[in-house]
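Enquirer: Coordinates in data_18.tsv, TSV, C-alpha atoms, are listed below.
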```tsv
chain	number	residue	atom	x	y	z
A	16	MET	CA	0.00	0.00	0.00
A	17	SER	CA	1.32	3.40	-0.92
A	18	THR	CA	2.29	5.91	1.74
A	19	HIS	CA	0.73	8.50	-0.58
A	20	ALA	CA	-2.72	7.00	0.12
A	21	SER	CA	-2.39	7.67	3.85
A	22	PRO	CA	-5.03	10.10	5.13
A	23	LEU	CA	-2.32	12.12	6.91
A	24	ARG	CA	0.35	13.81	4.83
A	25	SER	CA	3.43	15.49	6.27
A	26	LEU	CA	3.76	19.20	5.63
A	27	GLY	CA	7.22	19.36	7.20
A	28	ILE	CA	8.72	20.41	10.50
A	29	ASP	CA	7.62	23.62	12.20
A	30	PRO	CA	10.88	25.48	12.86
A	31	ALA	CA	9.42	27.22	15.91
A	32	THR	CA	8.34	24.05	17.73
A	33	GLY	CA	10.36	21.31	16.05
A	34	LYS	CA	7.15	19.31	15.61
A	35	GLU	CA	6.06	17.73	12.36
A	36	ALA	CA	2.85	19.14	10.89
A	37	PHE	CA	0.34	16.79	9.23
A	38	ALA	CA	-2.80	17.44	7.20
A	39	VAL	CA	-5.59	15.49	5.59
A	40	THR	CA	-5.27	16.50	1.96
A	41	ARG	CA	-7.71	16.68	-0.93
A	42	PRO	CA	-6.57	15.58	-4.41
A	43	GLY	CA	-5.45	18.67	-6.28
A	44	GLY	CA	-5.81	20.84	-3.19
A	45	PHE	CA	-3.43	23.39	-1.74
A	46	LEU	CA	-2.39	21.20	1.21
A	47	GLU	CA	-1.73	18.26	-1.10
A	48	GLY	CA	0.58	20.48	-3.11
A	49	LEU	CA	2.44	21.46	0.06
A	50	ALA	CA	2.72	17.80	1.10
A	51	GLU	CA	4.05	16.80	-2.32
A	52	THR	CA	6.59	19.62	-2.26
A	53	GLN	CA	7.73	18.52	1.21
A	54	ALA	CA	8.02	14.88	0.10
A	55	LEU	CA	10.09	15.82	-2.95
A	56	LYS	CA	12.39	18.09	-0.92
A	57	ALA	CA	12.89	15.37	1.69
A	58	ALA	CA	13.67	12.83	-1.04
A	59	ALA	CA	16.18	15.21	-2.62
A	60	VAL	CA	17.96	15.73	0.72
A	61	LEU	CA	18.02	11.97	1.31
A	62	VAL	CA	19.51	11.37	-2.15
A	63	THR	CA	22.22	13.95	-1.42
A	64	VAL	CA	23.10	12.43	1.94
A	65	VAL	CA	23.14	8.84	0.66
A	66	GLY	CA	25.16	9.92	-2.38
A	67	ALA	CA	27.76	11.57	-0.15
A	68	VAL	CA	28.00	8.46	2.03
A	69	LEU	CA	28.40	6.24	-1.03
A	70	ASP	CA	31.01	8.58	-2.54
A	71	MET	CA	33.11	8.31	0.62
A	72	GLY	CA	33.14	4.54	0.18
A	73	LYS	CA	33.83	3.83	3.86
A	74	ALA	CA	30.35	3.03	5.20
A	75	SER	CA	29.78	-0.36	6.78
A	76	ASP	CA	27.01	-2.67	5.62
A	77	ALA	CA	25.07	-1.81	8.79
A	78	GLU	CA	25.38	1.92	8.10
A	79	LEU	CA	24.23	1.44	4.52
A	80	ALA	CA	21.37	-0.79	5.65
A	81	ALA	CA	20.10	2.05	7.85
A	82	PHE	CA	19.26	3.97	4.66
A	83	VAL	CA	17.09	1.23	3.14
A	84	THR	CA	13.87	2.03	5.03
A	85	PRO	CA	13.97	5.82	4.54
A	86	LEU	CA	14.95	5.40	0.87
A	87	HIS	CA	12.07	2.97	0.34
A	88	ALA	CA	9.60	5.36	2.00
A	89	ALA	CA	10.83	8.32	-0.06
A	90	LEU	CA	10.68	6.32	-3.28
A	91	GLU	CA	7.20	5.06	-2.46
A	92	GLU	CA	6.01	8.62	-1.75
A	93	CYS	CA	7.52	9.93	-5.01
A	94	VAL	CA	5.95	7.09	-7.03
A	95	GLY	CA	2.61	7.86	-5.37
A	96	ILE	CA	2.92	11.50	-6.43
A	97	ILE	CA	3.78	10.53	-10.00
A	98	THR	CA	0.98	8.00	-10.36
A	99	THR	CA	-1.60	10.35	-8.82
A	100	ASP	CA	-0.58	13.11	-11.25
A	101	ARG	CA	-1.14	10.76	-14.19
A	102	GLU	CA	-4.62	9.58	-13.16
```
Mind converting the file's structure to structure tokens?

Expert:
Amino acid sequence: MSTHASPLRSLGIDPATGKEAFAVTRPGGFLEGLAETQALKAAAVLVTVVGAVLDMGKASDAELAAFVTPLHAALEECVGIITTDRE
């Protein structure tokens, strides 16, 4: 099941409180757009971090394995955004 189908979508972290903000979004709505932007920014940051770790070439298998779950979640969210946009 896609994370994108979840009723709650992350809108990011509130810099004032440090808490993550969530919203129930409507397809094509303003909050859905914010959630998609947040998901794409988070995926881009994750790609940068993982790329830097891989470029260093010194990470252990355990350290690399720690990236599998967040990478899967980010990829699933991005695929959900793409498939929703095409429907």

Enquirer: So that each row is one residue of segment 71-100 of chain A with an atom at most 7 Å from segment 51-57 of chain A, can you give its shortest atom pair and the distance in Å to one decimal, using all atoms listed in the file, rows by chain and rising number, as a Markdown table?

Expert:
```
| residue | atom | partner | partner_atom | distance |
| --- | --- | --- | --- | --- |
| A:Glu92 | CA | A:Ala54 | CA | 6.8 |
| A:Cys93 | CA | A:Leu55 | CA | 6.7 |
| A:Ile96 | CA | A:Glu51 | CA | 6.8 |
```

Enquirer: Could you tell me which of A:Ala80, A:Val64, A:Ile28, A:Leu23 comes closest to Thr40 of chain A if we count all atoms listed in the file?

Expert: A:Leu23

Enquirer: When you count all atoms listed in the file, which of these residues is closest to Val62 of chain A: A:Gly27, A:Pro85, A:Gly43, A:Gly95?

Expert: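 Closest to Val62 of chain A of all the choices is A:Pro85.
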
Enquirer: So how far away is atom CA of Leu26 of chain A from atom CA of Val83 of chain A, in Å?

Expert: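 According to the coordinates, atom CA of Val83 of chain A and atom CA of Leu26 of chain A are separated by 22.5 Å.
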
Enquirer: Name the closest residue to His87 of chain A among the candidates A:Arg24, A:Met71, A:Leu61, A:Gly66; distances are taken between atoms, counting all atoms listed in the file.

Expert: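 Of all the options, A:Leu61 lies closest to His87 of chain A.
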
Enquirer: Do you have the atom CA of Glu47 of chain A-atom CA of Pro22 of chain A distance handy?

Expert: 10.8 Å

Enquirer: I'd like to know which of A:Gly33, A:Ala59, A:Ala50, A:Thr99 is closest to Leu86 of chain A, using all atoms listed in the file.

Expert: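 That would be A:Ala59, the residue with the smallest distance to Leu86 of chain A.
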
Enquirer: Which value, in Å to one decimal, gives the distance between atom CA of Thr63 of chain A and atom CA of Val94 of chain A?

Expert: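 Atom CA of Val94 of chain A lies at a distance of 18.5 Å from atom CA of Thr63 of chain A.
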
Enquirer: Which one is closest to Ala89 of chain A: A:Pro30, A:Val65, A:Asp76, A:Ala58? Count all atoms listed in the file.

Expert: A:Ala58
